[in-house]
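Just structure05.cif here, mmCIF, N, CA and C atoms:
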data_model
loop_
_atom_site.label_atom_id
_atom_site.label_comp_id
_atom_site.auth_asym_id
_atom_site.auth_seq_id
_atom_site.Cartn_x
_atom_site.Cartn_y
_atom_site.Cartn_z
N MET P 221 23.93 -19.67 4.53
CA MET P 221 23.55 -18.79 3.44
C MET P 221 22.28 -19.34 2.79
N VAL P 222 21.40 -18.43 2.38
CA VAL P 222 20.14 -18.79 1.75
C VAL P 222 20.39 -19.15 0.29
N ALA P 223 19.78 -20.23 -0.14
CA ALA P 223 19.90 -20.64 -1.54
C ALA P 223 19.25 -19.58 -2.43
N GLU P 224 19.84 -19.35 -3.61
CA GLU P 224 19.31 -18.33 -4.51
C GLU P 224 17.85 -18.57 -4.85
N SER P 225 17.43 -19.84 -4.93
CA SER P 225 16.04 -20.15 -5.26
C SER P 225 15.10 -19.71 -4.14
N GLU P 226 15.63 -19.47 -2.94
CA GLU P 226 14.80 -19.07 -1.81
C GLU P 226 14.72 -17.55 -1.66
N LEU P 227 15.52 -16.80 -2.41
CA LEU P 227 15.48 -15.35 -2.33
C LEU P 227 14.24 -14.83 -3.05
N ASN P 228 13.51 -13.93 -2.41
CA ASN P 228 12.33 -13.38 -3.08
C ASN P 228 12.76 -12.36 -4.13
N THR P 229 11.87 -12.08 -5.05
CA THR P 229 12.17 -11.20 -6.17
C THR P 229 12.56 -9.80 -5.70
N GLY P 230 11.89 -9.31 -4.66
CA GLY P 230 12.22 -7.98 -4.15
C GLY P 230 13.67 -7.90 -3.71
N LEU P 231 14.13 -8.92 -3.02
CA LEU P 231 15.52 -8.94 -2.57
C LEU P 231 16.47 -9.07 -3.76
N LEU P 232 16.09 -9.86 -4.75
CA LEU P 232 16.92 -9.99 -5.95
C LEU P 232 17.01 -8.66 -6.72
N LEU P 233 15.98 -7.83 -6.63
CA LEU P 233 16.03 -6.50 -7.24
C LEU P 233 16.87 -5.54 -6.39
N PHE P 234 16.78 -5.68 -5.07
CA PHE P 234 17.45 -4.77 -4.16
C PHE P 234 18.97 -4.96 -4.15
N ILE P 235 19.44 -6.19 -4.21
CA ILE P 235 20.89 -6.45 -4.09
C ILE P 235 21.69 -5.71 -5.17
N PRO P 236 21.32 -5.80 -6.46
CA PRO P 236 22.09 -5.03 -7.45
C PRO P 236 21.92 -3.52 -7.27
N TYR P 237 20.73 -3.09 -6.85
CA TYR P 237 20.53 -1.66 -6.63
C TYR P 237 21.46 -1.17 -5.52
N ARG P 238 21.54 -1.92 -4.44
CA ARG P 238 22.40 -1.53 -3.32
C ARG P 238 23.85 -1.45 -3.77
N ALA P 239 24.28 -2.41 -4.59
CA ALA P 239 25.66 -2.38 -5.10
C ALA P 239 25.88 -1.14 -5.96
N LEU P 240 24.92 -0.82 -6.82
CA LEU P 240 25.01 0.38 -7.66
C LEU P 240 25.07 1.62 -6.78
N GLU P 241 24.19 1.72 -5.81
CA GLU P 241 24.14 2.88 -4.93
C GLU P 241 25.46 3.06 -4.17
N ASN P 242 26.02 1.97 -3.69
CA ASN P 242 27.30 2.05 -2.97
C ASN P 242 28.41 2.59 -3.86
N ARG P 243 28.45 2.15 -5.11
CA ARG P 243 29.49 2.64 -6.03
C ARG P 243 29.28 4.10 -6.39
N VAL P 244 28.02 4.50 -6.55
CA VAL P 244 27.73 5.90 -6.85
C VAL P 244 28.16 6.77 -5.68
N PHE P 245 27.81 6.36 -4.45
CA PHE P 245 28.20 7.15 -3.28
C PHE P 245 29.72 7.23 -3.15
N ALA P 246 30.42 6.15 -3.44
CA ALA P 246 31.88 6.16 -3.35
C ALA P 246 32.47 7.14 -4.37
N ALA P 247 31.95 7.12 -5.59
CA ALA P 247 32.45 8.03 -6.63
C ALA P 247 32.12 9.49 -6.29
N LEU P 248 30.93 9.72 -5.77
CA LEU P 248 30.57 11.08 -5.37
C LEU P 248 31.48 11.58 -4.25
N ALA P 249 31.74 10.71 -3.28
CA ALA P 249 32.63 11.09 -2.16
C ALA P 249 34.02 11.42 -2.68
N GLU P 250 34.52 10.59 -3.60
CA GLU P 250 35.84 10.81 -4.17
C GLU P 250 35.91 12.14 -4.93
N ALA P 251 34.77 12.54 -5.51
CA ALA P 251 34.72 13.80 -6.27
C ALA P 251 34.41 15.00 -5.37
N GLY P 252 34.34 14.77 -4.06
CA GLY P 252 34.13 15.88 -3.14
C GLY P 252 32.70 16.08 -2.70
N PHE P 253 31.81 15.21 -3.13
CA PHE P 253 30.40 15.29 -2.72
C PHE P 253 30.15 14.26 -1.63
N ASP P 254 30.77 14.48 -0.49
CA ASP P 254 30.70 13.50 0.60
C ASP P 254 29.93 14.03 1.80
N ASP P 255 29.12 15.05 1.57
CA ASP P 255 28.44 15.71 2.68
C ASP P 255 26.92 15.53 2.66
N PHE P 256 26.46 14.38 2.16
CA PHE P 256 25.05 14.07 2.28
C PHE P 256 24.88 12.57 2.52
N THR P 257 23.75 12.22 3.11
CA THR P 257 23.49 10.85 3.51
C THR P 257 22.60 10.15 2.49
N PRO P 258 22.50 8.81 2.56
CA PRO P 258 21.55 8.11 1.68
C PRO P 258 20.11 8.61 1.85
N ALA P 259 19.71 8.93 3.07
CA ALA P 259 18.35 9.44 3.29
C ALA P 259 18.16 10.78 2.57
N GLN P 260 19.16 11.64 2.65
CA GLN P 260 19.08 12.92 1.94
C GLN P 260 19.08 12.69 0.44
N ALA P 261 19.87 11.73 -0.02
CA ALA P 261 19.93 11.44 -1.45
C ALA P 261 18.59 10.96 -1.98
N ARG P 262 17.86 10.19 -1.19
CA ARG P 262 16.56 9.69 -1.64
C ARG P 262 15.57 10.81 -1.83
N VAL P 263 15.68 11.85 -1.03
CA VAL P 263 14.84 13.04 -1.23
C VAL P 263 15.38 13.84 -2.41
N LEU P 264 16.67 14.02 -2.48
CA LEU P 264 17.30 14.80 -3.55
C LEU P 264 16.98 14.23 -4.93
N GLN P 265 16.96 12.89 -5.04
CA GLN P 265 16.68 12.24 -6.32
C GLN P 265 15.27 12.54 -6.84
N ARG P 266 14.39 12.95 -5.95
CA ARG P 266 13.00 13.18 -6.33
C ARG P 266 12.68 14.64 -6.66
N VAL P 267 13.69 15.49 -6.59
CA VAL P 267 13.47 16.89 -6.95
C VAL P 267 13.40 16.97 -8.47
N GLY P 268 12.28 17.45 -8.97
CA GLY P 268 12.08 17.54 -10.41
C GLY P 268 12.86 18.68 -11.04
N PRO P 269 12.96 18.69 -12.36
CA PRO P 269 13.74 19.72 -13.06
C PRO P 269 13.22 21.14 -12.84
N ASN P 270 11.93 21.28 -12.55
CA ASN P 270 11.35 22.60 -12.30
C ASN P 270 11.03 22.81 -10.83
N GLY P 271 11.58 21.95 -9.98
CA GLY P 271 11.32 22.04 -8.55
C GLY P 271 10.16 21.15 -8.14
N THR P 272 10.10 20.85 -6.87
CA THR P 272 9.07 19.96 -6.33
C THR P 272 8.66 20.49 -4.96
N ARG P 273 7.38 20.42 -4.68
CA ARG P 273 6.89 20.83 -3.37
C ARG P 273 7.34 19.83 -2.31
N LEU P 274 7.55 20.33 -1.11
CA LEU P 274 7.99 19.49 0.00
C LEU P 274 7.02 18.35 0.26
N THR P 275 5.74 18.62 0.20
CA THR P 275 4.75 17.55 0.46
C THR P 275 4.89 16.43 -0.57
N ASP P 276 5.17 16.78 -1.82
CA ASP P 276 5.36 15.77 -2.86
C ASP P 276 6.66 14.99 -2.63
N LEU P 277 7.71 15.68 -2.21
CA LEU P 277 8.97 14.99 -1.90
C LEU P 277 8.76 13.99 -0.77
N ALA P 278 8.05 14.40 0.25
CA ALA P 278 7.79 13.51 1.39
C ALA P 278 7.02 12.29 0.94
N GLU P 279 5.99 12.50 0.15
CA GLU P 279 5.17 11.38 -0.32
C GLU P 279 5.99 10.42 -1.18
N GLN P 280 6.75 10.96 -2.11
CA GLN P 280 7.54 10.12 -3.01
C GLN P 280 8.65 9.38 -2.29
N ALA P 281 9.25 10.01 -1.28
CA ALA P 281 10.32 9.37 -0.51
C ALA P 281 9.76 8.49 0.60
N GLN P 282 8.45 8.53 0.77
CA GLN P 282 7.74 7.76 1.79
C GLN P 282 8.26 8.07 3.19
N VAL P 283 8.35 9.38 3.47
CA VAL P 283 8.71 9.87 4.79
C VAL P 283 7.69 10.92 5.19
N THR P 284 7.67 11.28 6.47
CA THR P 284 6.76 12.32 6.91
C THR P 284 7.19 13.67 6.35
N LYS P 285 6.26 14.60 6.33
CA LYS P 285 6.58 15.95 5.86
C LYS P 285 7.66 16.57 6.76
N GLN P 286 7.60 16.28 8.06
CA GLN P 286 8.60 16.82 8.98
C GLN P 286 9.99 16.26 8.67
N THR P 287 10.05 14.95 8.39
CA THR P 287 11.33 14.33 8.05
C THR P 287 11.86 14.91 6.74
N ALA P 288 10.99 15.03 5.75
CA ALA P 288 11.42 15.60 4.47
C ALA P 288 11.91 17.03 4.68
N GLY P 289 11.21 17.80 5.50
CA GLY P 289 11.63 19.17 5.78
C GLY P 289 13.00 19.23 6.42
N PHE P 290 13.25 18.32 7.37
CA PHE P 290 14.55 18.25 8.03
C PHE P 290 15.65 17.90 7.02
N LEU P 291 15.39 16.92 6.16
CA LEU P 291 16.38 16.52 5.16
C LEU P 291 16.64 17.64 4.15
N VAL P 292 15.59 18.33 3.73
CA VAL P 292 15.75 19.45 2.80
C VAL P 292 16.53 20.58 3.48
N ASP P 293 16.26 20.83 4.76
CA ASP P 293 17.03 21.85 5.48
C ASP P 293 18.52 21.54 5.42
N GLN P 294 18.87 20.26 5.67
CA GLN P 294 20.27 19.85 5.63
C GLN P 294 20.86 20.00 4.23
N LEU P 295 20.09 19.59 3.22
CA LEU P 295 20.56 19.71 1.84
C LEU P 295 20.73 21.18 1.44
N GLU P 296 19.86 22.03 1.94
CA GLU P 296 19.96 23.46 1.64
C GLU P 296 21.21 24.05 2.28
N LYS P 297 21.49 23.68 3.51
CA LYS P 297 22.69 24.17 4.20
C LYS P 297 23.96 23.73 3.48
N ALA P 298 23.92 22.52 2.89
CA ALA P 298 25.10 22.00 2.18
C ALA P 298 25.18 22.53 0.75
N GLY P 299 24.17 23.27 0.30
CA GLY P 299 24.21 23.87 -1.03
C GLY P 299 23.68 23.01 -2.16
N TYR P 300 22.93 21.94 -1.84
CA TYR P 300 22.40 21.06 -2.89
C TYR P 300 21.03 21.49 -3.40
N VAL P 301 20.25 22.16 -2.56
CA VAL P 301 18.92 22.62 -2.98
C VAL P 301 18.71 24.04 -2.50
N ARG P 302 17.70 24.67 -3.07
CA ARG P 302 17.25 25.98 -2.60
C ARG P 302 15.73 25.99 -2.68
N ARG P 303 15.14 26.78 -1.84
CA ARG P 303 13.68 26.91 -1.84
C ARG P 303 13.32 28.19 -2.61
N MET P 304 12.30 28.05 -3.47
CA MET P 304 11.86 29.16 -4.31
C MET P 304 10.34 29.27 -4.22
N PRO P 305 9.79 30.46 -4.44
CA PRO P 305 8.33 30.58 -4.49
C PRO P 305 7.77 29.75 -5.64
N ASP P 306 6.64 29.11 -5.41
CA ASP P 306 5.96 28.35 -6.46
C ASP P 306 5.18 29.34 -7.33
N PRO P 307 5.51 29.44 -8.62
CA PRO P 307 4.82 30.42 -9.46
C PRO P 307 3.33 30.12 -9.66
N THR P 308 2.90 28.89 -9.37
CA THR P 308 1.49 28.53 -9.54
C THR P 308 0.67 28.70 -8.27
N ASP P 309 1.34 28.93 -7.13
CA ASP P 309 0.63 29.07 -5.86
C ASP P 309 1.49 29.93 -4.93
N LYS P 310 1.06 31.14 -4.69
CA LYS P 310 1.85 32.10 -3.90
C LYS P 310 2.12 31.61 -2.47
N ARG P 311 1.27 30.70 -1.95
CA ARG P 311 1.46 30.20 -0.59
C ARG P 311 2.51 29.10 -0.52
N ALA P 312 2.78 28.45 -1.64
CA ALA P 312 3.67 27.28 -1.65
C ALA P 312 5.08 27.66 -2.07
N ARG P 313 6.01 26.78 -1.72
CA ARG P 313 7.41 26.94 -2.13
C ARG P 313 7.85 25.66 -2.81
N LEU P 314 8.78 25.80 -3.73
CA LEU P 314 9.36 24.66 -4.43
C LEU P 314 10.77 24.41 -3.93
N VAL P 315 11.13 23.16 -3.84
CA VAL P 315 12.51 22.77 -3.58
C VAL P 315 13.14 22.56 -4.95
N CYS P 316 14.21 23.29 -5.23
CA CYS P 316 14.87 23.22 -6.54
C CYS P 316 16.32 22.79 -6.36
N LEU P 317 16.86 22.14 -7.38
CA LEU P 317 18.27 21.77 -7.35
C LEU P 317 19.13 23.00 -7.42
N ALA P 318 20.16 23.04 -6.60
CA ALA P 318 21.14 24.12 -6.63
C ALA P 318 22.35 23.66 -7.45
N GLU P 319 23.27 24.56 -7.68
CA GLU P 319 24.42 24.27 -8.54
C GLU P 319 25.22 23.07 -8.05
N ARG P 320 25.36 22.92 -6.73
CA ARG P 320 26.14 21.79 -6.20
C ARG P 320 25.52 20.45 -6.60
N ALA P 321 24.21 20.36 -6.57
CA ALA P 321 23.53 19.12 -6.99
C ALA P 321 23.72 18.89 -8.48
N ARG P 322 23.62 19.96 -9.25
CA ARG P 322 23.81 19.84 -10.71
C ARG P 322 25.24 19.41 -11.04
N ALA P 323 26.20 19.85 -10.24
CA ALA P 323 27.59 19.45 -10.46
C ALA P 323 27.82 17.99 -10.10
N ALA P 324 27.05 17.46 -9.17
CA ALA P 324 27.20 16.06 -8.76
C ALA P 324 26.55 15.10 -9.76
N GLN P 325 25.54 15.56 -10.48
CA GLN P 325 24.79 14.68 -11.38
C GLN P 325 25.65 13.97 -12.43
N PRO P 326 26.58 14.65 -13.12
CA PRO P 326 27.39 13.95 -14.12
C PRO P 326 28.28 12.87 -13.51
N VAL P 327 28.73 13.09 -12.29
CA VAL P 327 29.56 12.08 -11.61
C VAL P 327 28.74 10.81 -11.41
N ALA P 328 27.54 10.98 -10.86
CA ALA P 328 26.67 9.82 -10.63
C ALA P 328 26.29 9.15 -11.96
N ALA P 329 25.95 9.96 -12.96
CA ALA P 329 25.54 9.40 -14.26
C ALA P 329 26.65 8.59 -14.90
N ALA P 330 27.88 9.03 -14.77
CA ALA P 330 29.01 8.30 -15.36
C ALA P 330 29.20 6.95 -14.69
N VAL P 331 29.07 6.90 -13.38
CA VAL P 331 29.21 5.63 -12.67
C VAL P 331 28.08 4.69 -13.04
N ILE P 332 26.87 5.20 -13.11
CA ILE P 332 25.72 4.37 -13.48
C ILE P 332 25.91 3.80 -14.88
N ALA P 333 26.38 4.61 -15.82
CA ALA P 333 26.62 4.13 -17.18
C ALA P 333 27.67 3.03 -17.18
N GLU P 334 28.72 3.20 -16.39
CA GLU P 334 29.78 2.19 -16.29
C GLU P 334 29.22 0.88 -15.72
N ILE P 335 28.41 0.98 -14.70
CA ILE P 335 27.82 -0.22 -14.08
C ILE P 335 26.89 -0.92 -15.06
N GLU P 336 26.09 -0.16 -15.77
CA GLU P 336 25.18 -0.78 -16.73
C GLU P 336 25.94 -1.49 -17.85
N LYS P 337 27.09 -0.95 -18.26
CA LYS P 337 27.93 -1.64 -19.24
C LYS P 337 28.46 -2.95 -18.68
N GLU P 338 28.85 -2.93 -17.40
CA GLU P 338 29.33 -4.16 -16.75
C GLU P 338 28.21 -5.19 -16.67
N TRP P 339 27.02 -4.75 -16.32
CA TRP P 339 25.89 -5.67 -16.23
C TRP P 339 25.57 -6.26 -17.61
N GLU P 340 25.63 -5.41 -18.64
CA GLU P 340 25.36 -5.90 -19.99
C GLU P 340 26.44 -6.90 -20.43
N ALA P 341 27.68 -6.63 -20.08
CA ALA P 341 28.75 -7.57 -20.42
C ALA P 341 28.54 -8.91 -19.71
N HIS P 342 28.02 -8.87 -18.51
CA HIS P 342 27.79 -10.09 -17.74
C HIS P 342 26.54 -10.84 -18.23
N LEU P 343 25.47 -10.11 -18.50
CA LEU P 343 24.20 -10.74 -18.90
C LEU P 343 24.09 -10.98 -20.40
N GLY P 344 24.78 -10.17 -21.18
CA GLY P 344 24.60 -10.18 -22.62
C GLY P 344 23.59 -9.11 -23.00
N LYS P 345 23.73 -8.61 -24.21
CA LYS P 345 22.88 -7.50 -24.67
C LYS P 345 21.40 -7.88 -24.64
N ARG P 346 21.06 -9.07 -25.11
CA ARG P 346 19.65 -9.49 -25.17
C ARG P 346 19.02 -9.55 -23.78
N ARG P 347 19.71 -10.17 -22.85
CA ARG P 347 19.15 -10.29 -21.50
C ARG P 347 19.07 -8.93 -20.81
N MET P 348 20.06 -8.07 -21.04
CA MET P 348 20.01 -6.74 -20.44
C MET P 348 18.82 -5.96 -20.98
N THR P 349 18.57 -6.07 -22.28
CA THR P 349 17.41 -5.41 -22.88
C THR P 349 16.13 -5.96 -22.29
N GLN P 350 16.06 -7.29 -22.14
CA GLN P 350 14.87 -7.92 -21.55
C GLN P 350 14.67 -7.48 -20.10
N LEU P 351 15.77 -7.38 -19.36
CA LEU P 351 15.68 -6.94 -17.97
C LEU P 351 15.11 -5.53 -17.90
N ARG P 352 15.64 -4.64 -18.71
CA ARG P 352 15.15 -3.26 -18.70
C ARG P 352 13.68 -3.19 -19.13
N GLN P 353 13.31 -3.99 -20.12
CA GLN P 353 11.91 -4.00 -20.56
C GLN P 353 11.00 -4.52 -19.45
N ALA P 354 11.40 -5.58 -18.79
CA ALA P 354 10.59 -6.15 -17.70
C ALA P 354 10.45 -5.16 -16.54
N LEU P 355 11.55 -4.52 -16.18
CA LEU P 355 11.49 -3.55 -15.08
C LEU P 355 10.66 -2.33 -15.46
N THR P 356 10.73 -1.93 -16.71
CA THR P 356 9.90 -0.81 -17.17
C THR P 356 8.43 -1.18 -17.10
N MET P 357 8.12 -2.41 -17.48
CA MET P 357 6.72 -2.87 -17.38
C MET P 357 6.26 -2.93 -15.93
N LEU P 358 7.13 -3.39 -15.04
CA LEU P 358 6.77 -3.44 -13.61
C LEU P 358 6.54 -2.04 -13.05
N ARG P 359 7.28 -1.09 -13.57
CA ARG P 359 7.12 0.29 -13.10
C ARG P 359 5.69 0.78 -13.34
N GLU P 360 5.06 0.30 -14.42
CA GLU P 360 3.70 0.71 -14.73
C GLU P 360 2.73 0.40 -13.59
N ILE P 361 3.00 -0.67 -12.84
CA ILE P 361 2.08 -1.07 -11.75
C ILE P 361 2.66 -0.82 -10.36
N THR P 362 3.90 -0.34 -10.29
CA THR P 362 4.52 -0.15 -8.98
C THR P 362 4.89 1.29 -8.69
N ASP P 363 4.99 2.15 -9.70
CA ASP P 363 5.46 3.52 -9.49
C ASP P 363 4.32 4.50 -9.77
N PRO P 364 3.69 5.01 -8.72
CA PRO P 364 2.58 5.95 -8.95
C PRO P 364 3.05 7.30 -9.49
N TYR P 365 4.37 7.53 -9.55
CA TYR P 365 4.89 8.81 -10.02
C TYR P 365 5.43 8.73 -11.44
N ALA P 366 5.28 7.57 -12.08
CA ALA P 366 5.79 7.38 -13.44
C ALA P 366 4.98 8.20 -14.42
#
Whole structure, structure tokens version:
Amino acid sequence: MVAESELNTGLLLFIPYRALENRVFAALAEAGFDDFTPAQARVLQRVGPNGTRLTDLAEQAQVTKQTAGFLVDQLEKAGYVRRMPDPTDKRARLVCLAERARAAQPVAAAVIAEIEKEWEAHLGKRRMTQLRQALTMLREITDPYA
């Protein structure tokens, strides 16, 4: 096993995220939302409240437009998204959240809130606040979509 001092920061950020993601997927599956994959979820998470163009979803999910299109097709068949005309460009279409996705959101949000409470209990309120502040600051230089 690798000593904790040898783990790079990226891996130290990924390990808790992976644990959170696993618990969210388990809760979603238990609530009947067991018909999408992590790859589909990564695209689904990037659909904005007013819809998002497929090219933007592909870019944000860091997949090809063809891959994003395939994933959106699957999500549409399962009832999580729908395609709508883009009111700002008659040639474009928006991928929008459908009712099934909206119904899954509170399940995921509740699990995330529970996990964050556990993390705060483990780290303490001050450290949890510092962690969130540090990650928010890192987002300024790492997230081009912020």
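Between Ala329 (chain P) and the candidates P:Met348, P:Leu248, P:Ala278, P:Leu314, the tightest atom-to-atom separation, counting only C-alpha atoms, involves P:Leu248.
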Given the file shown, determine the residues that the PyMOL selection byres (((chain P and resi 306 and name CA) around 12) and name CA) selects; report them as an mmCIF file with N, CA and C atoms, in the coordinates of the input.
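Below you can see part31.cif, which holds the result:
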data_model
loop_
_atom_site.group_PDB
_atom_site.id
_atom_site.type_symbol
_atom_site.label_atom_id
_atom_site.label_comp_id
_atom_site.auth_asym_id
_atom_site.auth_seq_id
_atom_site.Cartn_x
_atom_site.Cartn_y
_atom_site.Cartn_z
ATOM 1 N N ASN P 270 11.930 21.280 -12.550
ATOM 2 C CA ASN P 270 11.350 22.600 -12.300
ATOM 3 C C ASN P 270 11.030 22.810 -10.830
ATOM 4 N N GLY P 271 11.580 21.950 -9.980
ATOM 5 C CA GLY P 271 11.320 22.040 -8.550
ATOM 6 C C GLY P 271 10.160 21.150 -8.140
ATOM 7 N N THR P 272 10.100 20.850 -6.870
ATOM 8 C CA THR P 272 9.070 19.960 -6.330
ATOM 9 C C THR P 272 8.660 20.490 -4.960
ATOM 10 N N ARG P 273 7.380 20.420 -4.680
ATOM 11 C CA ARG P 273 6.890 20.830 -3.370
ATOM 12 C C ARG P 273 7.340 19.830 -2.310
ATOM 13 N N LEU P 274 7.550 20.330 -1.110
ATOM 14 C CA LEU P 274 7.990 19.490 0.000
ATOM 15 C C LEU P 274 7.020 18.350 0.260
ATOM 16 N N ARG P 303 15.140 26.780 -1.840
ATOM 17 C CA ARG P 303 13.680 26.910 -1.840
ATOM 18 C C ARG P 303 13.320 28.190 -2.610
ATOM 19 N N MET P 304 12.300 28.050 -3.470
ATOM 20 C CA MET P 304 11.860 29.160 -4.310
ATOM 21 C C MET P 304 10.340 29.270 -4.220
ATOM 22 N N PRO P 305 9.790 30.460 -4.440
ATOM 23 C CA PRO P 305 8.330 30.580 -4.490
ATOM 24 C C PRO P 305 7.770 29.750 -5.640
ATOM 25 N N PRO P 307 5.510 29.440 -8.620
ATOM 26 C CA PRO P 307 4.820 30.420 -9.460
ATOM 27 C C PRO P 307 3.330 30.120 -9.660
ATOM 28 N N THR P 308 2.900 28.890 -9.370
ATOM 29 C CA THR P 308 1.490 28.530 -9.540
ATOM 30 C C THR P 308 0.670 28.700 -8.270
ATOM 31 N N ASP P 309 1.340 28.930 -7.130
ATOM 32 C CA ASP P 309 0.630 29.070 -5.860
ATOM 33 C C ASP P 309 1.490 29.930 -4.930
ATOM 34 N N LYS P 310 1.060 31.140 -4.690
ATOM 35 C CA LYS P 310 1.850 32.100 -3.900
ATOM 36 C C LYS P 310 2.120 31.610 -2.470
ATOM 37 N N ARG P 311 1.270 30.700 -1.950
ATOM 38 C CA ARG P 311 1.460 30.200 -0.590
ATOM 39 C C ARG P 311 2.510 29.100 -0.520
ATOM 40 N N ALA P 312 2.780 28.450 -1.640
ATOM 41 C CA ALA P 312 3.670 27.280 -1.650
ATOM 42 C C ALA P 312 5.080 27.660 -2.070
ATOM 43 N N ARG P 313 6.010 26.780 -1.720
ATOM 44 C CA ARG P 313 7.410 26.940 -2.130
ATOM 45 C C ARG P 313 7.850 25.660 -2.810
ATOM 46 N N LEU P 314 8.780 25.800 -3.730
ATOM 47 C CA LEU P 314 9.360 24.660 -4.430
ATOM 48 C C LEU P 314 10.770 24.410 -3.930
ATOM 49 N N VAL P 315 11.130 23.160 -3.840
ATOM 50 C CA VAL P 315 12.510 22.770 -3.580
ATOM 51 C C VAL P 315 13.140 22.560 -4.950
ATOM 52 N N CYS P 316 14.210 23.290 -5.230
ATOM 53 C CA CYS P 316 14.870 23.220 -6.540
ATOM 54 C C CYS P 316 16.320 22.790 -6.360
#
Size and centre in Å, one decimal, axis-aligned box, all listed region 279-295 of chain P atoms plus 6 Å per side, as lines of an AutoDock Vina configuration file:
center_x = 13.0
center_y = 14.8
center_z = 3.0
size_x = 27.7
size_y = 26.1
size_z = 24.0
Where in chain P does DSSP assign alpha helix (DSSP H), given as a PyMOL selection string?
-> chain P and resi 229-250+258-264+274-281+285-297+319-343+345-362
Any idea what the distance is between CA of Leu240 (chain P) and CA of Ala298 (chain P)?
->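 Atom-to-atom, CA of Leu240 (chain P) to CA of Ala298 (chain P), that is 23.8 Å.
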Which residues, protein or nucleic acid, reach to within 6 Å of (11.9, 7.6, 3.5) in the file's coordinates when using only C-alpha atoms, and can you give that as number ranges by chain?
-> P: 281-283
May I have the selected residues written with N, CA and C atoms, as a PDB file, keeping the file's coordinate frame?
ATOM      1  N   ALA P 281       9.250  10.010  -1.280  1.00  0.00           N
ATOM      2  CA  ALA P 281      10.320   9.370  -0.510  1.00  0.00           C
ATOM      3  C   ALA P 281       9.760   8.490   0.600  1.00  0.00           C
ATOM      4  N   GLN P 282       8.450   8.530   0.770  1.00  0.00           N
ATOM      5  CA  GLN P 282       7.740   7.760   1.790  1.00  0.00           C
ATOM      6  C   GLN P 282       8.260   8.070   3.190  1.00  0.00           C
ATOM      7  N   VAL P 283       8.350   9.380   3.470  1.00  0.00           N
ATOM      8  CA  VAL P 283       8.710   9.870   4.790  1.00  0.00           C
ATOM      9  C   VAL P 283       7.690  10.920   5.190  1.00  0.00           C
TER      10      VAL P 283
END
Nearest candidate to Gln265 (chain P) (options P:Met357, P:Ala251, P:Ile335, P:Val301; using only C-alpha atoms) | P:Val301
The distance between CA of Leu295 (chain P) and CA of Arg320 (chain P) is 10.0 Å
Got a sec to tell me which of region 230-327 of chain P DSSP assigns to strand (DSSP E), as a PyMOL selection string?
-> chain P and resi 272-273+301-306+309-317
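Residues in contact range of Leu291 (chain P), defined as at most 8 Å between only C-alpha atoms, with sequence neighbours fewer than 5 positions away removed, read Ala259, Gln260 and Val263 of chain P.
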Distance in Å - atom N of Lys297 (chain P) versus atom N of Gly252 (chain P) |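 The value is 17.4 Å.
Comparing P:Asn242, P:Gln280, P:Thr229, P:Gln350 by their smallest distance to Pro258 (chain P), the closest is P:Asn242 (using only C-alpha atoms).
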Of the candidates P:His342, P:Glu226, P:Thr349, P:Leu317, which shows the shortest atom-to-atom distance to Gly268 (chain P), using all atoms listed in the file?
->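 With all atoms listed in the file as the atom set, the closest residue is P:Leu317.
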